[in-house]
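Asker: Once you've had a glance at the structure underneath, I'll fire off some questions.
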Amino acid sequence: MDTHTIYQLFSASYHSDRNIRKQAELQIKQVETTPEFFSIILQLMGSEELELGARQAAAIYLKNRIRKSWNVDGETQSGGAIPISTNDREMFKRMILQILVNAQNVVRLQLLECLNKALTYDFPDNWPDYMNQVHSLVASNDPRVVYIGLLSLLQVVKVFQWKTNELRGPLIGIIQTTFPAILQIAQNLVNEDSVDAAEMLRVVFKTYNSVIQYELIATLQENSSLIPWCTILLQIIAKPLPETSLPEDLEDRESYPWWKVKKWAYRILNRLFSRYGNPAQLPKTSKEYKGFAENFVHNFAPQILHEYLRQTDVWIQKKQWLSNKALFCLSDFYKDAITHKTTWQIFKAHSGKIVSEFIFPQLCFSEPDQELWDEDPVEYVHKKIDPLEDLTSPSMVAINLLMDLAKYRKKYTFTGILSFVNSILNTYLESSPEARDPRAKDGALRMVGCLADMVLSKKSNMAHLMEGFFTTHVFPEFRSQYHFLRARACDTLIRFSNIEFQNQSNLAAAFQGITECMQDPELPVKVQAALGLQSLIHHDFVKDALIPNLQMVMQELLNLTNQIDVDTLTTVTEEFVEVFSAELAPFAVQLCVQMRDTFLRLLKDLEETQYNIVDEDFNNAIDLDGTSDKTMAATGLLKTISTLILSLDTTPEIFSELQNTLLPVITYTLQKGIVDLYDEVFDVIDSCTFSTKQISPTMWNVFELIYQTFKTSGIDYLEEMLPALDNYISYGAEVFVKTPDLQGMIYDIVETVMKSDRLGDVDRVCACKLIESVLLNCRGHVDHYVEPFLILAFEPLGRIEEISNVALKVYCIEVVVNALFYNPLITLRILEERGLTQGFFTIWFNNLDKFTRVHDKKLVIVTLCTLIAIPVEQLPSTLLAGWPQVLEGILSTFKSLPKAEADDEDVKDEDTKYLEFITEEAANHVNEEDDEIDQDMEEEALFESPLDDINVYIRFQEIFIGLQQHNHTSYNLLTKNLNEQQSSFITSIFSKADEQRKEHQKIANGKE
């Protein structure tokens, strides 16, 4: 392999023809294992032979190779990582900094990643002279070399940026030896105006910012360091940038190098104050920075605040343009400044002006807003409705500043803020149409909407005024000639969704305005109207008024969902499905068809984005932020589909049609392995099978797909699969017991989970639940699985003292208990053959107090009743010695059963409990780690099993009396230790059995 060949390969890998690129990449993969390949690339990167495109391709290759292989030793790994030899690593360390000096910027970015990865693994132990190389570069008289020295310093600092204190030792030495030098470089550059000077300052400030993110070391806390650094940072913020030197285009201006430098200066000062320098925000338990904070808030923060206020003032007077990042940082610093009395006393005198002339203009509808609305209304909706989209915008932090002022300095600011808003709105109201400023009204409504919770709070004396406020200032804008005011009217109604209208006609006006906006030609208005409608449907008047137009409204919601991928819209649709389930039943199939089509369109868009768009990084698929919106929207659609199915009370034919309609949704998601949607798609399968209480041929086909999913991408999702799998066994038992392949699939799932080192306790609990479902629903048909199930359960039971998860203990025990109930003679024989009988019964009875749910207690009682019904001559001798304890176990379980049943009575009736359950689950959902200790075995509201039909009181009475009359030997052995109190308790059980038998008879007679 020679240099010229490699040169040609990398030149071809950057060719405009895709096929030529592909071929070159394949050839590179074939020859990259040759010993000299890595070193030749380094030599090429250090020479002038490669043209820029080929050099860039080689740098990308080098980045990927180092990222995957720098820390790989020995043979080529299964994942394809090819080890980098020791000699090649040493060559890289010798050459990389000089290569960086000569590299073009686009190539340098890739090489810096290479450097950072190598430093992460090798510095300082295996690269002890690295800092000497850096010092040499930084001390150079050549600005280009100094710049590479600064970049090299930044890379090593980033290695330690987020490491814990005990691992940051080398960083302290780096700071002590290099920061005086880079401070001097910065001081020499502060009065320069060149772009190169700005770029060098940017790297200096980024380096400083990196070292203060996690910790502020003692050296940097000292005034001897703090004063010169804060001085130069404030100098940069105050540095005037002539308008003539700035780009005309605002986007270009935002990324202008000197504004990037200013951004980092702001960020450093804000970080010093917010994390270390504000006593009001230090954790009470933290003493580490207490002294520094007192020093900073009294001696540094006031100077910073004064300069920030000066910058704000020149922006207000339009004497200076400020970047969005600068505006953000100003508001962010002010938020912290109002929390401490020292800085608040300075800020206080300016607070009114800040509200009216700094915050308010940022909240008004702007020219950039109008441009985005016109050019990309979908993106406008994303930016304005999704809070995560707008999280770093200056207007969002300005809103937070406004809310904090109203909350934390309420006595001084709240009334003034509302008075200012009122003056804007009244001026608008009293002006002639041509003199009105609609953007000012938008800002005023936005401002008051941000304070809605405070205005409507119980302590507020203004809540009763808001109905008049709406009729005067909000309702007229539903028909405004300005589209953004129509959207703002809807948004204001959403913000004040808790308002209680005293006058029914005003509620009617709100409803009419919202429904008219649902038909608006402007997409952002329609979306806001849809969200506004959701805020009104808790009113009975609105519910009744919606019913005649419900199909139209649902159609509009689905159309909007198809136009724009915003998950909040699917939340609206889901709520409508819950509230109007009965009215929507006739349109259920039609709704599902539309949701299915929208869902499939979203997924195909996702697939195209994920797999067809690649970067130049040798065709590795890249993640795109935009995919999250589509994923969330798809998730919302699946949730709505589940809610719709579960809310329906319709014919089997309709359910069959729904299942066939939704089959493509299930199939596409599982076959494509879209794991982000597994939770919701398994809910859809659960809903389809739970609602019908039977398994159709369509859903049996889905069962096999679930199994294939488990075997490929779904092994980590058994908890999500479990309800659906249980439904297949419970409601499809007739088919299941006749189909060995289906039984084998379930057993394979169970065995895989119980034996896998990859999975944890939560998954094994799910596996035990599947075993229970099989044994309870398939009695007499799966004898051949009893022993394999027992073997799987006894592995964890053999180390039960090590298991901290109570649920896993109980469910492993219950596997054996279920086997005893399924067929006691087979199970006892297996236990005897393996010498496990006595040990198991000891474990079981020692843990009876952990069987807390009604189901657990019923299982204990019916199983023990099954055992005592066996003639003693058929029982193993190991059990007979403790046979009276079996009766004690039955009686102690009966004693605790009434309390468990009382706790279980909170479960709602069958018609409503599922919807309420999934709503509660969604609200309380948290991600559980596998090793989480679950100490509370709570009732499962929707759990159904064959035990539900067994009355344990009657069952015990019948078996006990049967023993007494027909099997004296067994009866005498069982009751030989029975005392008077226990006998009395048995009598009370019999009384309850008689009562319940009579009640059952009444019900039966009534049905007849």
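Ordering of the structure tokens sets the chain letters (A, B, ...); residue numbers start at 1 within each chain; ligands are numbered from 1 in the order shown.
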If we count only C-alpha atoms, what is near A:Phe470 at a cut-off of 10 Å, once residues fewer than 6 positions away on the same chain are taken out, given as a ChimeraX atom specification?
Answerer: /A:476-477,489,492-493,496,501,506,509-510
Asker: Take the residues just selected and output them with N, CA and C atoms as a short mmCIF file (atom, residue, chain, number, x, y, z; two decimals), in the first residue's frame.
Answerer:
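Written output follows (out03.cif):
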data_model
loop_
_atom_site.label_atom_id
_atom_site.label_comp_id
_atom_site.auth_asym_id
_atom_site.auth_seq_id
_atom_site.Cartn_x
_atom_site.Cartn_y
_atom_site.Cartn_z
N PRO A 476 -62.86 40.62 21.42
CA PRO A 476 -62.89 41.31 20.11
C PRO A 476 -61.81 40.84 19.15
N GLU A 477 -60.70 40.33 19.70
CA GLU A 477 -59.57 39.94 18.83
C GLU A 477 -59.76 38.58 18.17
N ALA A 489 -55.45 35.93 21.07
CA ALA A 489 -56.70 35.81 21.82
C ALA A 489 -56.92 34.36 22.26
N THR A 492 -54.44 33.56 25.05
CA THR A 492 -54.80 34.18 26.33
C THR A 492 -55.90 33.37 27.02
N LEU A 493 -56.85 32.87 26.24
CA LEU A 493 -57.90 32.02 26.82
C LEU A 493 -57.29 30.74 27.41
N PHE A 496 -55.67 31.46 30.75
CA PHE A 496 -56.64 31.68 31.82
C PHE A 496 -57.72 30.59 31.79
N PHE A 501 -66.39 31.76 34.31
CA PHE A 501 -67.27 32.81 33.81
C PHE A 501 -68.59 32.81 34.58
N ASN A 506 -70.89 35.10 28.26
CA ASN A 506 -69.46 35.31 28.03
C ASN A 506 -68.75 33.99 27.71
N ALA A 509 -69.52 33.33 24.24
CA ALA A 509 -68.70 34.16 23.34
C ALA A 509 -67.31 33.57 23.18
N ALA A 510 -66.76 33.07 24.28
CA ALA A 510 -65.43 32.44 24.22
C ALA A 510 -65.47 31.21 23.32
#
Asker: List the spatial neighbours of A:Glu199 as a VMD selection string - criterion: any atom at most 9 Å away, only C-alpha atoms, same-chain residues fewer than 6 positions off excluded.
Answerer: chain A and resid 147 257 to 258 260 to 261
Asker: Restrict the selected residues to C-alpha atoms and save them as a PDB file, in the first residue's frame.
Answerer:
ATOM      1  CA  TYR A 147      -3.920  30.090  17.937  1.00  0.00           C
ATOM      2  CA  PRO A 257     -16.767  36.677  15.515  1.00  0.00           C
ATOM      3  CA  TRP A 258     -16.751  39.682  17.830  1.00  0.00           C
ATOM      4  CA  LYS A 260     -19.289  35.405  19.604  1.00  0.00           C
ATOM      5  CA  VAL A 261     -16.559  36.774  21.863  1.00  0.00           C
TER       6      VAL A 261
END
Asker: What is the atom CA of A:Pro242 to atom CA of A:Ile185 distance in Å?
Answerer: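 Here the two named atoms are 23.5 Å from each other.
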Asker: Write out as a short mmCIF file (atom, residue, chain, number, x, y, z; two decimals) with N, CA and C atoms, in the first residue's frame all residues of stretch 56-195 of chain A that backbone DSSP assigns to helix (DSSP H, G or I).
Answerer:
data_model
loop_
_atom_site.label_atom_id
_atom_site.label_comp_id
_atom_site.auth_asym_id
_atom_site.auth_seq_id
_atom_site.Cartn_x
_atom_site.Cartn_y
_atom_site.Cartn_z
N GLN A 56 -10.10 16.51 3.58
CA GLN A 56 -11.25 16.50 4.48
C GLN A 56 -11.77 15.07 4.68
N ALA A 57 -11.85 14.30 3.60
CA ALA A 57 -12.29 12.91 3.71
C ALA A 57 -11.34 12.11 4.58
N ALA A 58 -10.03 12.33 4.41
CA ALA A 58 -9.05 11.61 5.23
C ALA A 58 -9.16 11.99 6.70
N ALA A 59 -9.44 13.28 6.96
CA ALA A 59 -9.59 13.72 8.35
C ALA A 59 -10.81 13.09 9.00
N ILE A 60 -11.90 12.98 8.24
CA ILE A 60 -13.10 12.32 8.77
C ILE A 60 -12.81 10.85 9.07
N TYR A 61 -12.10 10.19 8.15
CA TYR A 61 -11.72 8.80 8.41
C TYR A 61 -10.90 8.70 9.68
N LEU A 62 -9.92 9.58 9.81
CA LEU A 62 -9.04 9.56 10.98
C LEU A 62 -9.84 9.76 12.27
N LYS A 63 -10.78 10.70 12.23
CA LYS A 63 -11.62 10.95 13.40
C LYS A 63 -12.39 9.69 13.80
N ASN A 64 -13.01 9.04 12.82
CA ASN A 64 -13.79 7.83 13.12
C ASN A 64 -12.91 6.70 13.63
N ARG A 65 -11.76 6.56 13.01
CA ARG A 65 -10.85 5.48 13.41
C ARG A 65 -10.38 5.67 14.84
N ILE A 66 -10.01 6.88 15.18
CA ILE A 66 -9.53 7.15 16.54
C ILE A 66 -10.67 7.04 17.54
N ARG A 67 -11.85 7.53 17.16
CA ARG A 67 -12.99 7.46 18.06
C ARG A 67 -13.33 6.01 18.41
N LYS A 68 -13.24 5.12 17.44
CA LYS A 68 -13.60 3.71 17.67
C LYS A 68 -12.45 2.88 18.22
N SER A 69 -11.22 3.26 17.90
CA SER A 69 -10.12 2.30 18.08
C SER A 69 -8.98 2.76 18.96
N THR A 86 0.82 0.72 18.82
CA THR A 86 1.53 1.65 19.71
C THR A 86 2.38 2.63 18.92
N ASN A 87 3.05 2.14 17.89
CA ASN A 87 3.89 3.01 17.07
C ASN A 87 3.07 4.09 16.38
N ASP A 88 1.88 3.69 15.87
CA ASP A 88 1.03 4.67 15.21
C ASP A 88 0.51 5.72 16.20
N ARG A 89 0.22 5.28 17.40
CA ARG A 89 -0.24 6.24 18.42
C ARG A 89 0.85 7.24 18.75
N GLU A 90 2.08 6.74 18.90
CA GLU A 90 3.19 7.64 19.21
C GLU A 90 3.44 8.61 18.06
N MET A 91 3.31 8.13 16.83
CA MET A 91 3.48 9.01 15.67
C MET A 91 2.41 10.10 15.68
N PHE A 92 1.17 9.72 15.99
CA PHE A 92 0.08 10.69 16.07
C PHE A 92 0.41 11.77 17.10
N LYS A 93 0.89 11.37 18.26
CA LYS A 93 1.19 12.33 19.32
C LYS A 93 2.31 13.28 18.91
N ARG A 94 3.27 12.77 18.16
CA ARG A 94 4.38 13.63 17.73
C ARG A 94 3.95 14.63 16.67
N MET A 95 3.01 14.22 15.79
CA MET A 95 2.72 15.00 14.60
C MET A 95 1.49 15.89 14.69
N ILE A 96 0.52 15.54 15.57
CA ILE A 96 -0.80 16.13 15.46
C ILE A 96 -0.81 17.65 15.62
N LEU A 97 -0.03 18.20 16.55
CA LEU A 97 -0.08 19.64 16.76
C LEU A 97 0.48 20.40 15.56
N GLN A 98 1.54 19.88 14.97
CA GLN A 98 2.10 20.54 13.80
C GLN A 98 1.15 20.41 12.60
N ILE A 99 0.49 19.25 12.50
CA ILE A 99 -0.52 19.08 11.44
C ILE A 99 -1.62 20.12 11.59
N LEU A 100 -2.02 20.37 12.83
CA LEU A 100 -3.06 21.37 13.10
C LEU A 100 -2.62 22.77 12.66
N VAL A 101 -1.37 23.07 12.86
CA VAL A 101 -0.86 24.40 12.48
C VAL A 101 -1.07 24.64 10.99
N ASN A 102 -0.86 23.61 10.18
CA ASN A 102 -0.92 23.75 8.72
C ASN A 102 -2.29 23.45 8.12
N ASN A 105 -9.26 25.26 8.07
CA ASN A 105 -10.20 25.26 9.18
C ASN A 105 -11.17 24.08 9.13
N VAL A 106 -11.72 23.77 7.94
CA VAL A 106 -12.70 22.70 7.83
C VAL A 106 -12.09 21.35 8.18
N VAL A 107 -10.80 21.18 7.93
CA VAL A 107 -10.10 19.95 8.29
C VAL A 107 -9.72 19.98 9.76
N ARG A 108 -9.36 21.16 10.24
CA ARG A 108 -8.92 21.30 11.63
C ARG A 108 -10.00 20.86 12.62
N LEU A 109 -11.25 21.14 12.30
CA LEU A 109 -12.34 20.74 13.20
C LEU A 109 -12.36 19.23 13.43
N GLN A 110 -12.13 18.44 12.37
CA GLN A 110 -12.10 16.98 12.50
C GLN A 110 -10.89 16.55 13.31
N LEU A 111 -9.75 17.19 13.05
CA LEU A 111 -8.52 16.80 13.73
C LEU A 111 -8.56 17.13 15.22
N LEU A 112 -9.25 18.22 15.57
CA LEU A 112 -9.37 18.55 16.99
C LEU A 112 -10.16 17.48 17.73
N GLU A 113 -11.16 16.88 17.07
CA GLU A 113 -11.87 15.77 17.70
C GLU A 113 -10.94 14.58 17.91
N CYS A 114 -10.08 14.34 16.93
CA CYS A 114 -9.08 13.27 17.08
C CYS A 114 -8.22 13.53 18.30
N LEU A 115 -7.74 14.76 18.41
CA LEU A 115 -6.87 15.14 19.52
C LEU A 115 -7.58 14.96 20.86
N ASN A 116 -8.83 15.41 20.93
CA ASN A 116 -9.57 15.31 22.18
C ASN A 116 -9.76 13.86 22.61
N LYS A 117 -10.07 12.99 21.65
CA LYS A 117 -10.27 11.57 21.99
C LYS A 117 -8.97 10.94 22.48
N ALA A 118 -7.86 11.25 21.83
CA ALA A 118 -6.58 10.70 22.26
C ALA A 118 -6.22 11.20 23.65
N LEU A 119 -6.45 12.48 23.91
CA LEU A 119 -6.17 13.04 25.24
C LEU A 119 -7.04 12.40 26.31
N THR A 120 -8.28 12.12 25.95
CA THR A 120 -9.21 11.52 26.93
C THR A 120 -8.65 10.22 27.49
N TYR A 121 -8.01 9.44 26.65
CA TYR A 121 -7.49 8.15 27.09
C TYR A 121 -6.04 8.23 27.59
N ASP A 122 -5.23 9.12 27.03
CA ASP A 122 -3.78 9.04 27.28
C ASP A 122 -3.21 10.12 28.18
N TYR A 130 2.74 16.45 26.69
CA TYR A 130 1.76 17.20 25.89
C TYR A 130 1.73 18.67 26.28
N MET A 131 1.68 18.98 27.56
CA MET A 131 1.59 20.37 27.97
C MET A 131 2.84 21.15 27.61
N ASN A 132 3.98 20.48 27.57
CA ASN A 132 5.19 21.17 27.11
C ASN A 132 5.04 21.62 25.66
N GLN A 133 4.43 20.74 24.84
CA GLN A 133 4.18 21.10 23.44
C GLN A 133 3.22 22.30 23.37
N VAL A 134 2.20 22.29 24.21
CA VAL A 134 1.23 23.39 24.21
C VAL A 134 1.89 24.70 24.62
N HIS A 135 2.69 24.65 25.70
CA HIS A 135 3.37 25.86 26.17
C HIS A 135 4.24 26.45 25.07
N SER A 136 4.91 25.57 24.33
CA SER A 136 5.79 26.03 23.26
C SER A 136 4.99 26.76 22.18
N LEU A 137 3.82 26.23 21.85
CA LEU A 137 2.98 26.87 20.84
C LEU A 137 2.45 28.22 21.32
N VAL A 138 1.97 28.25 22.55
CA VAL A 138 1.39 29.47 23.10
C VAL A 138 2.43 30.58 23.22
N PRO A 143 1.25 34.43 15.39
CA PRO A 143 -0.14 34.35 15.86
C PRO A 143 -0.84 33.07 15.42
N ARG A 144 -0.52 32.57 14.23
CA ARG A 144 -1.15 31.34 13.76
C ARG A 144 -0.79 30.16 14.65
N VAL A 145 0.46 30.10 15.10
CA VAL A 145 0.92 29.03 15.99
C VAL A 145 0.31 29.20 17.38
N VAL A 146 0.25 30.45 17.84
CA VAL A 146 -0.37 30.71 19.15
C VAL A 146 -1.83 30.24 19.16
N TYR A 147 -2.52 30.50 18.05
CA TYR A 147 -3.92 30.09 17.94
C TYR A 147 -4.07 28.57 18.09
N ILE A 148 -3.18 27.82 17.45
CA ILE A 148 -3.24 26.35 17.58
C ILE A 148 -2.90 25.95 19.01
N GLY A 149 -1.99 26.67 19.64
CA GLY A 149 -1.70 26.39 21.05
C GLY A 149 -2.92 26.59 21.92
N LEU A 150 -3.70 27.65 21.65
CA LEU A 150 -4.92 27.91 22.42
C LEU A 150 -5.95 26.80 22.19
N LEU A 151 -6.10 26.40 20.92
CA LEU A 151 -7.04 25.30 20.61
C LEU A 151 -6.61 24.01 21.29
N SER A 152 -5.31 23.75 21.33
CA SER A 152 -4.79 22.53 21.95
C SER A 152 -5.01 22.56 23.46
N LEU A 153 -4.88 23.73 24.03
CA LEU A 153 -5.17 23.88 25.46
C LEU A 153 -6.65 23.63 25.74
N LEU A 154 -7.52 24.17 24.89
CA LEU A 154 -8.95 23.97 25.07
C LEU A 154 -9.31 22.49 25.03
N GLN A 155 -8.68 21.72 24.15
CA GLN A 155 -9.00 20.30 24.04
C GLN A 155 -8.66 19.53 25.31
N VAL A 156 -7.52 19.84 25.91
CA VAL A 156 -7.14 19.12 27.13
C VAL A 156 -7.99 19.57 28.32
N VAL A 157 -8.39 20.83 28.33
CA VAL A 157 -9.27 21.32 29.39
C VAL A 157 -10.63 20.63 29.32
N LYS A 158 -11.14 20.44 28.10
CA LYS A 158 -12.45 19.80 27.92
C LYS A 158 -12.46 18.36 28.42
N VAL A 159 -11.29 17.71 28.43
CA VAL A 159 -11.21 16.35 28.95
C VAL A 159 -11.65 16.30 30.41
N ASN A 165 -14.18 16.05 41.43
CA ASN A 165 -13.04 16.76 42.01
C ASN A 165 -11.79 15.90 42.13
N GLU A 166 -11.97 14.64 42.53
CA GLU A 166 -10.81 13.79 42.74
C GLU A 166 -10.08 13.44 41.45
N LEU A 167 -10.73 13.64 40.31
CA LEU A 167 -10.11 13.33 39.02
C LEU A 167 -9.63 14.58 38.28
N GLY A 169 -7.22 16.68 39.31
CA GLY A 169 -5.88 17.10 39.72
C GLY A 169 -5.04 17.69 38.60
N PRO A 170 -4.90 16.99 37.46
CA PRO A 170 -4.09 17.54 36.37
C PRO A 170 -4.59 18.90 35.88
N LEU A 171 -5.91 19.12 35.95
CA LEU A 171 -6.46 20.39 35.47
C LEU A 171 -5.98 21.56 36.32
N ILE A 172 -5.87 21.34 37.61
CA ILE A 172 -5.40 22.42 38.49
C ILE A 172 -4.01 22.87 38.08
N GLY A 173 -3.13 21.91 37.80
CA GLY A 173 -1.78 22.27 37.35
C GLY A 173 -1.80 23.01 36.03
N ILE A 174 -2.67 22.59 35.11
CA ILE A 174 -2.78 23.26 33.80
C ILE A 174 -3.21 24.70 33.99
N ILE A 175 -4.21 24.91 34.84
CA ILE A 175 -4.70 26.28 35.07
C ILE A 175 -3.61 27.16 35.66
N GLN A 176 -2.91 26.63 36.64
CA GLN A 176 -1.89 27.43 37.32
C GLN A 176 -0.75 27.81 36.39
N THR A 177 -0.41 26.93 35.45
CA THR A 177 0.74 27.19 34.58
C THR A 177 0.39 27.92 33.29
N THR A 178 -0.84 27.79 32.82
CA THR A 178 -1.17 28.38 31.50
C THR A 178 -2.08 29.60 31.57
N PHE A 179 -2.91 29.73 32.60
CA PHE A 179 -3.88 30.82 32.59
C PHE A 179 -3.25 32.21 32.67
N PRO A 180 -2.16 32.40 33.41
CA PRO A 180 -1.52 33.73 33.34
C PRO A 180 -1.09 34.09 31.92
N ALA A 181 -0.62 33.08 31.17
CA ALA A 181 -0.16 33.35 29.81
C ALA A 181 -1.33 33.67 28.88
N ILE A 182 -2.43 32.92 28.98
CA ILE A 182 -3.54 33.19 28.06
C ILE A 182 -4.28 34.47 28.46
N LEU A 183 -4.22 34.83 29.76
CA LEU A 183 -4.77 36.13 30.17
C LEU A 183 -3.99 37.26 29.51
N GLN A 184 -2.66 37.12 29.49
CA GLN A 184 -1.82 38.13 28.85
C GLN A 184 -2.13 38.24 27.36
N ILE A 185 -2.33 37.09 26.72
CA ILE A 185 -2.69 37.09 25.30
C ILE A 185 -4.00 37.85 25.10
N ALA A 186 -4.99 37.57 25.95
CA ALA A 186 -6.28 38.24 25.84
C ALA A 186 -6.16 39.74 26.05
N GLN A 187 -5.37 40.12 27.04
CA GLN A 187 -5.20 41.56 27.31
C GLN A 187 -4.56 42.27 26.12
N ASN A 188 -3.68 41.59 25.41
CA ASN A 188 -3.04 42.19 24.24
C ASN A 188 -3.99 42.31 23.05
N LEU A 189 -5.06 41.50 23.08
CA LEU A 189 -5.97 41.46 21.93
C LEU A 189 -7.22 42.31 22.11
N VAL A 195 -10.73 40.13 12.79
CA VAL A 195 -11.46 38.88 12.99
C VAL A 195 -10.56 37.83 13.63
#
Asker: Leaving out A:Leu9 and any residue of its chain fewer than 2 positions from it, which residues lie within 9 Å of it when counting only C-alpha atoms, given as a VMD selection string?
Answerer: chain A and resid 4 to 7 11 to 14 21 24 to 25 27 to 28 54
